[in-house]
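Heads up, the thing below is written out as structure tokens.
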Amino acid sequence: MSAPLLAIEGLTKRFGGLTAVKDLTLHVERGSIASLIGPNGAGKSTVFNVTTGIYMPSAGSISLDGASLVGRKPFEVAAAGVMRTFQNIRLFAFMSVLENVMVGQQTKMHATPLDDALHTPRAQREEQAVAERARELLEFVGLTSYAHEWARNLPYGMQRRLEIARALGPQPQLLLLDEPAAGANPSEKRDLMALVRSIRDRGVTVLLIEHDMRLVMGISDRVTVLDYGEKISEGEPELVRRDPRVIEAYLGKGA
Amino acid sequence: MERSHSFDRRRVRLPLGFGDVSPLQAAGLVAVIALFAFFPLIDRNAGHISAVADAGYFLLLVFGLNIVVGFAGLLDLGYAAFFAIGAYTYAMVASTQFNLHFNFWPMLFMSACVAALFGLILGAPTLRLRGDYLAIVTLGFGEIVPQVFLNLDKYTGGPNGISNVDQPVFFGYHFGFNPIPYYYLYVVVILIAIVLLNNLKRSRLGRAWMAIREDELAATHMGVNPVTTKLLAFAMGASFAGLAGCIYAAKLTLISPDEFNFSVSVTILSAIVLGGMGSLLGAFIGGLLLALLNFMVLPQITNWTHALGAALHNDAIQNADLHYIIYGLILVLVMLFRPEGLISNASRRAELHHAQPAESAAAAGTE
């Protein structure tokens, strides 16, 4: 088996007396769809936040393709090839849909502020390429006709898809999706599953946090279950679904 | 003005990336440019020309602060400090103060650079601050700088300021006290500034500023470096004030610390709010209106009330200074009836009027 794209080893994160994540080891294979599930407060989002540089881990290591991500700032993690979405949607409300996706490509742009101010040929070329890719991504998520609308004017489900398009901007190695199906109806969830699969088919490895068991089981190559910050089960979806510890964590003892 | 609509009949593409406008708007634009180009020939009153020229430095200040507040969303209440720094930079090396007489044109550039440097110095310790907290720190900076110029009297002339500042000479042509060359200098500088700002707005850096304004955390996760992005906003914003300060000192030939107090910062900020935050056209219109109001209309009204009071032999009317009363009243009325500013986008208008945002009239947005 080849080396994992994302390797989290012995990760612990404490907030004062609370241990949000405890000694977690998680490997995500390149080209796979992996899921992180668990009840509310299990520490799933903390794993994302430590990985993307919001928090420093209390112990353990995180590496992408062999290079450590620990101690890197969020924008450096983005440049390294890890992009994310947010549990509570965080779009740039008063920027156009197209501009939102263009911001996602910041790390792929090399124009200096002077290039920008003078609108040099170099800046123009880059600008055109970035706008072109943004349009392509909007088509991919089905938002082409909303390109010039303000992000805040989109309905909820479209905002979720716009966040995904924004995160795909720089063709990341790894995409972290934080509860992409939250608030979605069954048909939207089916669309989302198809979307996640086609993201994987574009060569982007996906790690997603999700509550919806059916969605997770339907698309994941591998599922990791967290409860109170600890990994209680891991493996292929069918095995995890039948694991008594998982059933207990979700439904309580004796269920 | 940047947004296109497919159902519009005919569009005129403006040069330099200013977008598409209707033929009527294009004609209006040409008329406005012609008005400014020929204004000194139309209105030969030197006082009027001088007042419109003074609107030039005010517009530069509004443009600069619009980068910081409008684009990057960093509330700066001490912006006049950079104006002071630009003015003193030129006045100290081009006057009888030290008997140095540096040439105006390179100093125009240097003043902008020095102000930008101080923009960085102010920006660096405030990077972690946002909103109200940032406002308080910048307010303090705005108070400190004039105090420093006031108390370093060995170098700055203290409360008397610096007089006999050199006037510019352009290829042997002396600007002197004639307002017309200053007027055209401002027109040229402002045209360049508008082009540069419009370029920035639709560039990598411009989008990074707006992303920071909208959601700093999300912006950093999308690869925006918040430190350099904010510092560039402070520095570039300050450089406009440095430029304005240099021309201001040269035109007036006399500067003193009390010309750069808090009310200047607030007036610049109100021009941005009046025009519509973050909009270039809004900054221009807001800045021009407030400048003309302050430099032309209100002093004239004060003259009338003085004359009226004198005619009526009424001391109360004669001595009344209605300047700030009328000025304040206008601001209050605008904010009551158009809280989003004179120029703004439809959704922000909807938000501030507590109405529902236009629910996806989105299909109209196709190219």
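Identifiers for the structure tokens are assigned positionally: chains receive A, B, ... in sequence, residues are indexed from 1 per chain, and ligands are indexed from 1 in the order shown.
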Could you make a table, as JSON lines, of the residues of region 79-167 of chain B that have an atom within 12 Å of an atom of region 269-290 of chain B, each with its nearest atom pair and distance in Å to one decimal, counting only C-alpha atoms, in chain and number order?
```
{"residue": "B:Tyr79", "atom": "CA", "partner": "B:Leu269", "partner_atom": "CA", "distance": 8.8}
{"residue": "B:Ala80", "atom": "CA", "partner": "B:Leu269", "partner_atom": "CA", "distance": 10.2}
{"residue": "B:Ala135", "atom": "CA", "partner": "B:Leu269", "partner_atom": "CA", "distance": 11.8}
```
With N, CA and C atoms kept, could you save the residues just selected as a PDB file, in the first residue's frame?
```pdb
ATOM      1  N   TYR B  79      -6.880  58.758  10.288  1.00  0.00           N
ATOM      2  CA  TYR B  79      -6.262  58.803   8.966  1.00  0.00           C
ATOM      3  C   TYR B  79      -5.592  60.141   8.684  1.00  0.00           C
ATOM      4  N   ALA B  80      -6.089  61.222   9.304  1.00  0.00           N
ATOM      5  CA  ALA B  80      -5.495  62.543   9.053  1.00  0.00           C
ATOM      6  C   ALA B  80      -4.016  62.576   9.441  1.00  0.00           C
ATOM      7  N   ALA B 135     -10.469  50.866  15.787  1.00  0.00           N
ATOM      8  CA  ALA B 135     -10.861  52.271  15.704  1.00  0.00           C
ATOM      9  C   ALA B 135     -10.227  53.076  16.837  1.00  0.00           C
TER      10      ALA B 135
END
```
Next item on the list: Kindly provide, as a VMD selection string, the residues of chain A having any atom no farther than 6 Å from an atom of chain B, counting only C-alpha atoms.
Entry: chain A and resid 74 to 75 78 92 104 106 to 107 116 to 117 119 145 to 146 148 to 149 153
Next item on the list: May I have the residues within 8 Å of Leu207 (chain A) as a ChimeraX atom specification, using only C-alpha atoms and disregarding those fewer than 6 positions away in the same chain?
Entry: /A:28,33-36,174-177
Find the residues around region 166-173 of chain A up to 6 Å (only C-alpha atoms counted), leave out those fewer than 6 positions away in its own chain, and share them as a PDB file with N, CA and C atoms, in the first residue's frame.
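Okay, out_33.pdb is ready:
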```
ATOM      1  N   GLY A  81      -1.939  22.741  -0.318  1.00  0.00           N
ATOM      2  CA  GLY A  81      -2.853  21.901  -1.079  1.00  0.00           C
ATOM      3  C   GLY A  81      -4.012  21.332  -0.281  1.00  0.00           C
ATOM      4  N   VAL A  82      -4.315  21.938   0.876  1.00  0.00           N
ATOM      5  CA  VAL A  82      -5.473  21.505   1.660  1.00  0.00           C
ATOM      6  C   VAL A  82      -6.485  22.639   1.684  1.00  0.00           C
ATOM      7  N   MET A  83      -7.654  22.412   1.109  1.00  0.00           N
ATOM      8  CA  MET A  83      -8.709  23.426   1.134  1.00  0.00           C
ATOM      9  C   MET A  83      -9.892  22.864   1.909  1.00  0.00           C
ATOM     10  N   ARG A  84     -10.766  23.761   2.380  1.00  0.00           N
ATOM     11  CA  ARG A  84     -11.854  23.286   3.226  1.00  0.00           C
ATOM     12  C   ARG A  84     -13.139  24.086   3.025  1.00  0.00           C
ATOM     13  N   VAL A 101     -15.181  32.402  -5.980  1.00  0.00           N
ATOM     14  CA  VAL A 101     -14.380  31.287  -6.487  1.00  0.00           C
ATOM     15  C   VAL A 101     -12.984  31.772  -6.878  1.00  0.00           C
ATOM     16  N   GLY A 104     -10.631  31.840  -4.008  1.00  0.00           N
ATOM     17  CA  GLY A 104     -10.103  30.512  -3.700  1.00  0.00           C
ATOM     18  C   GLY A 104      -8.790  30.205  -4.402  1.00  0.00           C
ATOM     19  N   GLN A 105      -8.511  30.942  -5.486  1.00  0.00           N
ATOM     20  CA  GLN A 105      -7.291  30.655  -6.254  1.00  0.00           C
ATOM     21  C   GLN A 105      -6.128  31.580  -5.914  1.00  0.00           C
ATOM     22  N   VAL A 204      -9.096  14.800  -6.665  1.00  0.00           N
ATOM     23  CA  VAL A 204      -9.006  15.444  -5.360  1.00  0.00           C
ATOM     24  C   VAL A 204      -9.412  14.430  -4.290  1.00  0.00           C
TER      25      VAL A 204
END
```
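CA of Phe260 (chain B) is found 14.8 Å from CA of Leu65 (chain B).
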Next item on the list: For region 128-131 of chain A, please output as a list in words all residues within 9 Å (counting only C-alpha atoms; exclusion window: fewer than 2 positions along the same chain).
Entry: Leu98, Glu99, Val101, Met102, Gln105, Lys108, Met109, Ala123, Gln124, Arg125, Glu126, Arg133, Ala134, Arg135, Glu136 and Gly169 of chain A
Next item on the list: Might you pull out every residue within 10 Å of Gly158 (chain B), with only C-alpha atoms counted and same-chain residues fewer than 2 positions away left off, and present them as a list in words?
Entry: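 Returned residues: Pro146, Gln147, Val148, Phe149, Leu150, Asn151, Leu152, Asp153, Lys154, Tyr155, Thr156, Asn160, Gly161, Ile162, Ser256 and Pro257 of chain B.
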Could you list, as a CSV table (one decimal) with C-alpha atoms, in the first residue's frame, every residue within 9 Å of Gly218 (chain A), counting only C-alpha atoms and ignoring same-chain residues fewer than 3 positions away?
```csv
chain,number,residue,atom,x,y,z
A,193,MET,CA,-23.1,12.4,-3.1
A,213,MET,CA,-25.1,7.9,8.1
A,214,ARG,CA,-26.7,6.9,4.9
A,215,LEU,CA,-24.8,9.5,2.9
A,221,ASP,CA,-14.1,4.2,1.0
A,237,PRO,CA,-18.5,1.4,5.9
```
Item checked: Closest of B:Val114, B:Leu252, B:Leu74, B:Val264 to Arg128 (chain B) - atom-to-atom distances counting only C-alpha atoms -> B:Leu74
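Distances here use only C-alpha atoms; by that measure, the residue among A:Thr85, A:Thr112, A:Thr46, A:Gln159 closest to Val206 (chain A) is A:Thr85.
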Give me every strand (DSSP E or B) residue in region 10-185 of chain B, going by DSSP on the backbone, as a CSV table (one decimal) with C-alpha atoms, in the first residue's frame.
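And here's result.csv as it stands now:
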```csv
chain,number,residue,atom,x,y,z
B,12,VAL,CA,-20.4,51.1,-24.6
B,13,ARG,CA,-17.1,49.5,-23.4
B,20,ASP,CA,-19.7,48.6,-19.9
B,21,VAL,CA,-22.1,51.5,-19.6
B,94,ALA,CA,11.3,72.5,1.0
B,95,SER,CA,11.0,75.7,3.0
B,100,LEU,CA,16.5,73.1,2.4
B,101,HIS,CA,14.8,73.4,-1.0
B,162,ILE,CA,6.1,75.8,8.9
B,169,VAL,CA,8.0,74.7,-10.6
B,170,PHE,CA,7.2,72.7,-13.7
B,173,TYR,CA,6.8,77.5,-15.0
B,174,HIS,CA,6.2,78.8,-11.4
```
